[in-house]
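Following: one structure in C-alpha cells, then a few remarks.
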Amino acid sequence: MKIKQLLGMMALDANANEVGKIDDAEFDPKEGKINAITIVLKKNFISSNKIEIDFEDVKSIGDYVLLDKEINKEAAIEEAEKAKDAKEEVEEVEAEIVEDEEEAEEEAEVKID
C-alpha cells in the first residue's frame, strides 16, 4: 500500500468507533516503514484537532484503518486542544524573548556609538 492511499482513510478504534481521518504519516526512509500516523478528530464543521498514533497501534488496514486501542474522542480532542494552547503560549514567550534580545542589542549599539 502506498502512503497516498492511506491518507484520507477513516480510522476506527478497537471498539469500531469512528475516530477520524488519516491526515499524515511519519515515514522512516532508512527502515522503509511508517512510524506514526496523524488522525484528524473533527469537532465540528469549522474546527478540528489532530492526534498522533504509533503505527504499532494499527491492527489492520482495509476499507478502514483499524486501531488496536480504544480512543476516547472527546478526551483526545480536549488533550489536543490543551497541547495546542500550550504550544501557542510557548510561541508567545519565544517571541517576547526575541523582542527583548533585539531591544537589548539596539540599546548596546546606541551605547557603543
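Ligands are numbered from 1 in the order shown, chains are lettered A, B, ... in the order of the C-alpha cells, and residues start at 1 in each chain.
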Inset, instruction - Write out as a list in words which residues come within 12 Å of Glu56 of chain A when counting only C-alpha atoms, dropping same-chain ones fewer than 6 positions away. - result: Lys33, Ile34, Asn35, Ala36, Ile37, Leu66, Leu67, Asp68 and Lys69 of chain A
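Distance-wise, atom CA of Met9 of chain A and atom CA of Ile71 of chain A end up 16.5 Å apart.
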Legend entry - Those of chain A in DSSP helix (DSSP H, G or I), formatted as a ChimeraX atom specification: /A:3-6,55-57,73-112
How about saving the chosen residues, N, CA and C atoms kept, as a short mmCIF file (atom, residue, chain, number, x, y, z; two decimals), in the first residue's frame?
```cif
data_model
loop_
_atom_site.label_atom_id
_atom_site.label_comp_id
_atom_site.auth_asym_id
_atom_site.auth_seq_id
_atom_site.Cartn_x
_atom_site.Cartn_y
_atom_site.Cartn_z
N ILE A 3 1.52 5.30 0.74
CA ILE A 3 1.08 6.25 1.77
C ILE A 3 -0.06 7.11 1.25
N LYS A 4 -0.04 7.45 -0.03
CA LYS A 4 -1.12 8.27 -0.61
C LYS A 4 -2.47 7.60 -0.44
N GLN A 5 -2.50 6.28 -0.51
CA GLN A 5 -3.76 5.54 -0.34
C GLN A 5 -4.23 5.58 1.11
N LEU A 6 -3.28 5.65 2.03
CA LEU A 6 -3.60 5.69 3.45
C LEU A 6 -4.24 7.02 3.85
N PHE A 55 2.41 3.66 14.78
CA PHE A 55 1.95 2.69 13.78
C PHE A 55 1.83 1.29 14.37
N GLU A 56 2.53 1.03 15.47
CA GLU A 56 2.41 -0.25 16.16
C GLU A 56 0.99 -0.47 16.68
N ASP A 57 0.24 0.63 16.87
CA ASP A 57 -1.13 0.54 17.36
C ASP A 57 -2.15 0.36 16.24
N LYS A 73 -12.71 9.86 21.97
CA LYS A 73 -12.61 11.00 21.05
C LYS A 73 -12.72 12.33 21.79
N GLU A 74 -13.65 12.44 22.73
CA GLU A 74 -13.82 13.70 23.45
C GLU A 74 -12.58 14.03 24.28
N ALA A 75 -12.03 13.02 24.95
CA ALA A 75 -10.81 13.23 25.75
C ALA A 75 -9.63 13.56 24.85
N ALA A 76 -9.56 12.91 23.69
CA ALA A 76 -8.47 13.18 22.75
C ALA A 76 -8.56 14.60 22.21
N ILE A 77 -9.78 15.05 21.93
CA ILE A 77 -9.97 16.43 21.46
C ILE A 77 -9.54 17.41 22.54
N GLU A 78 -9.95 17.15 23.78
CA GLU A 78 -9.58 18.03 24.89
C GLU A 78 -8.07 18.07 25.08
N GLU A 79 -7.42 16.90 25.01
CA GLU A 79 -5.97 16.83 25.16
C GLU A 79 -5.26 17.56 24.02
N ALA A 80 -5.76 17.40 22.80
CA ALA A 80 -5.17 18.08 21.64
C ALA A 80 -5.31 19.59 21.77
N GLU A 81 -6.46 20.05 22.28
CA GLU A 81 -6.66 21.49 22.46
C GLU A 81 -5.71 22.04 23.53
N LYS A 82 -5.50 21.28 24.61
CA LYS A 82 -4.56 21.72 25.64
C LYS A 82 -3.14 21.81 25.08
N ALA A 83 -2.76 20.82 24.28
CA ALA A 83 -1.42 20.83 23.67
C ALA A 83 -1.28 22.01 22.71
N LYS A 84 -2.34 22.28 21.97
CA LYS A 84 -2.33 23.41 21.03
C LYS A 84 -2.19 24.72 21.79
N ASP A 85 -2.92 24.87 22.90
CA ASP A 85 -2.83 26.08 23.72
C ASP A 85 -1.43 26.24 24.32
N ALA A 86 -0.86 25.13 24.80
CA ALA A 86 0.48 25.18 25.38
C ALA A 86 1.50 25.58 24.33
N LYS A 87 1.34 25.07 23.12
CA LYS A 87 2.26 25.41 22.03
C LYS A 87 2.17 26.90 21.72
N GLU A 88 0.95 27.43 21.69
CA GLU A 88 0.76 28.86 21.43
C GLU A 88 1.41 29.70 22.52
N GLU A 89 1.29 29.27 23.78
CA GLU A 89 1.90 30.01 24.89
C GLU A 89 3.43 30.01 24.76
N VAL A 90 4.00 28.87 24.39
CA VAL A 90 5.45 28.78 24.20
C VAL A 90 5.89 29.71 23.08
N GLU A 91 5.13 29.73 21.97
CA GLU A 91 5.47 30.60 20.85
C GLU A 91 5.41 32.07 21.25
N GLU A 92 4.44 32.43 22.09
CA GLU A 92 4.33 33.81 22.56
C GLU A 92 5.54 34.18 23.43
N VAL A 93 5.94 33.29 24.33
CA VAL A 93 7.10 33.55 25.19
C VAL A 93 8.37 33.65 24.35
N GLU A 94 8.51 32.77 23.36
CA GLU A 94 9.68 32.82 22.48
C GLU A 94 9.72 34.15 21.72
N ALA A 95 8.57 34.62 21.24
CA ALA A 95 8.52 35.89 20.53
C ALA A 95 8.92 37.05 21.45
N GLU A 96 8.46 37.00 22.71
CA GLU A 96 8.84 38.05 23.67
C GLU A 96 10.35 38.03 23.94
N ILE A 97 10.92 36.85 24.03
CA ILE A 97 12.37 36.73 24.26
C ILE A 97 13.13 37.34 23.08
N VAL A 98 12.71 37.03 21.87
CA VAL A 98 13.37 37.58 20.68
C VAL A 98 13.27 39.10 20.68
N GLU A 99 12.08 39.62 21.01
CA GLU A 99 11.89 41.07 21.07
C GLU A 99 12.82 41.69 22.11
N ASP A 100 12.91 41.06 23.29
CA ASP A 100 13.78 41.57 24.35
C ASP A 100 15.24 41.55 23.91
N GLU A 101 15.66 40.49 23.23
CA GLU A 101 17.03 40.39 22.75
C GLU A 101 17.33 41.47 21.71
N GLU A 102 16.37 41.71 20.82
CA GLU A 102 16.55 42.74 19.79
C GLU A 102 16.66 44.13 20.43
N GLU A 103 15.82 44.39 21.43
CA GLU A 103 15.87 45.68 22.14
C GLU A 103 17.20 45.84 22.86
N ALA A 104 17.69 44.78 23.48
CA ALA A 104 18.97 44.83 24.19
C ALA A 104 20.11 45.09 23.21
N GLU A 105 20.06 44.47 22.04
CA GLU A 105 21.08 44.70 21.02
C GLU A 105 21.06 46.15 20.54
N GLU A 106 19.86 46.68 20.34
CA GLU A 106 19.73 48.08 19.90
C GLU A 106 20.29 49.03 20.95
N GLU A 107 19.98 48.77 22.21
CA GLU A 107 20.50 49.60 23.30
C GLU A 107 22.02 49.52 23.37
N ALA A 108 22.56 48.32 23.18
CA ALA A 108 24.02 48.16 23.22
C ALA A 108 24.68 48.91 22.08
N GLU A 109 24.04 48.90 20.90
CA GLU A 109 24.58 49.62 19.76
C GLU A 109 24.58 51.13 20.00
N VAL A 110 23.52 51.62 20.61
CA VAL A 110 23.43 53.06 20.92
C VAL A 110 24.52 53.46 21.90
N LYS A 111 24.76 52.63 22.92
CA LYS A 111 25.78 52.94 23.92
C LYS A 111 27.18 52.91 23.31
N ILE A 112 27.41 52.03 22.34
CA ILE A 112 28.71 51.92 21.70
C ILE A 112 28.99 53.17 20.85
#
```
Legend entry - For Ile51 of chain A, the nearest of the candidates A:Gly32, A:Lys2, A:Met10, A:Lys21, counting only C-alpha atoms: A:Lys21
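Counting from atom CA of Ala11 of chain A, the distance to atom CA of Asp23 of chain A is 10.3 Å.
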Inset, instruction - Would you return as a ChimeraX atom specification the members of chain A that DSSP assigns to strand (DSSP E or B) on this structure's backbone? - result: /A:10-12,18-28,33-42,48-54,58-61,65-67
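Going from atom CA of Leu7 of chain A to atom CA of Ile22 of chain A covers 5.1 Å.
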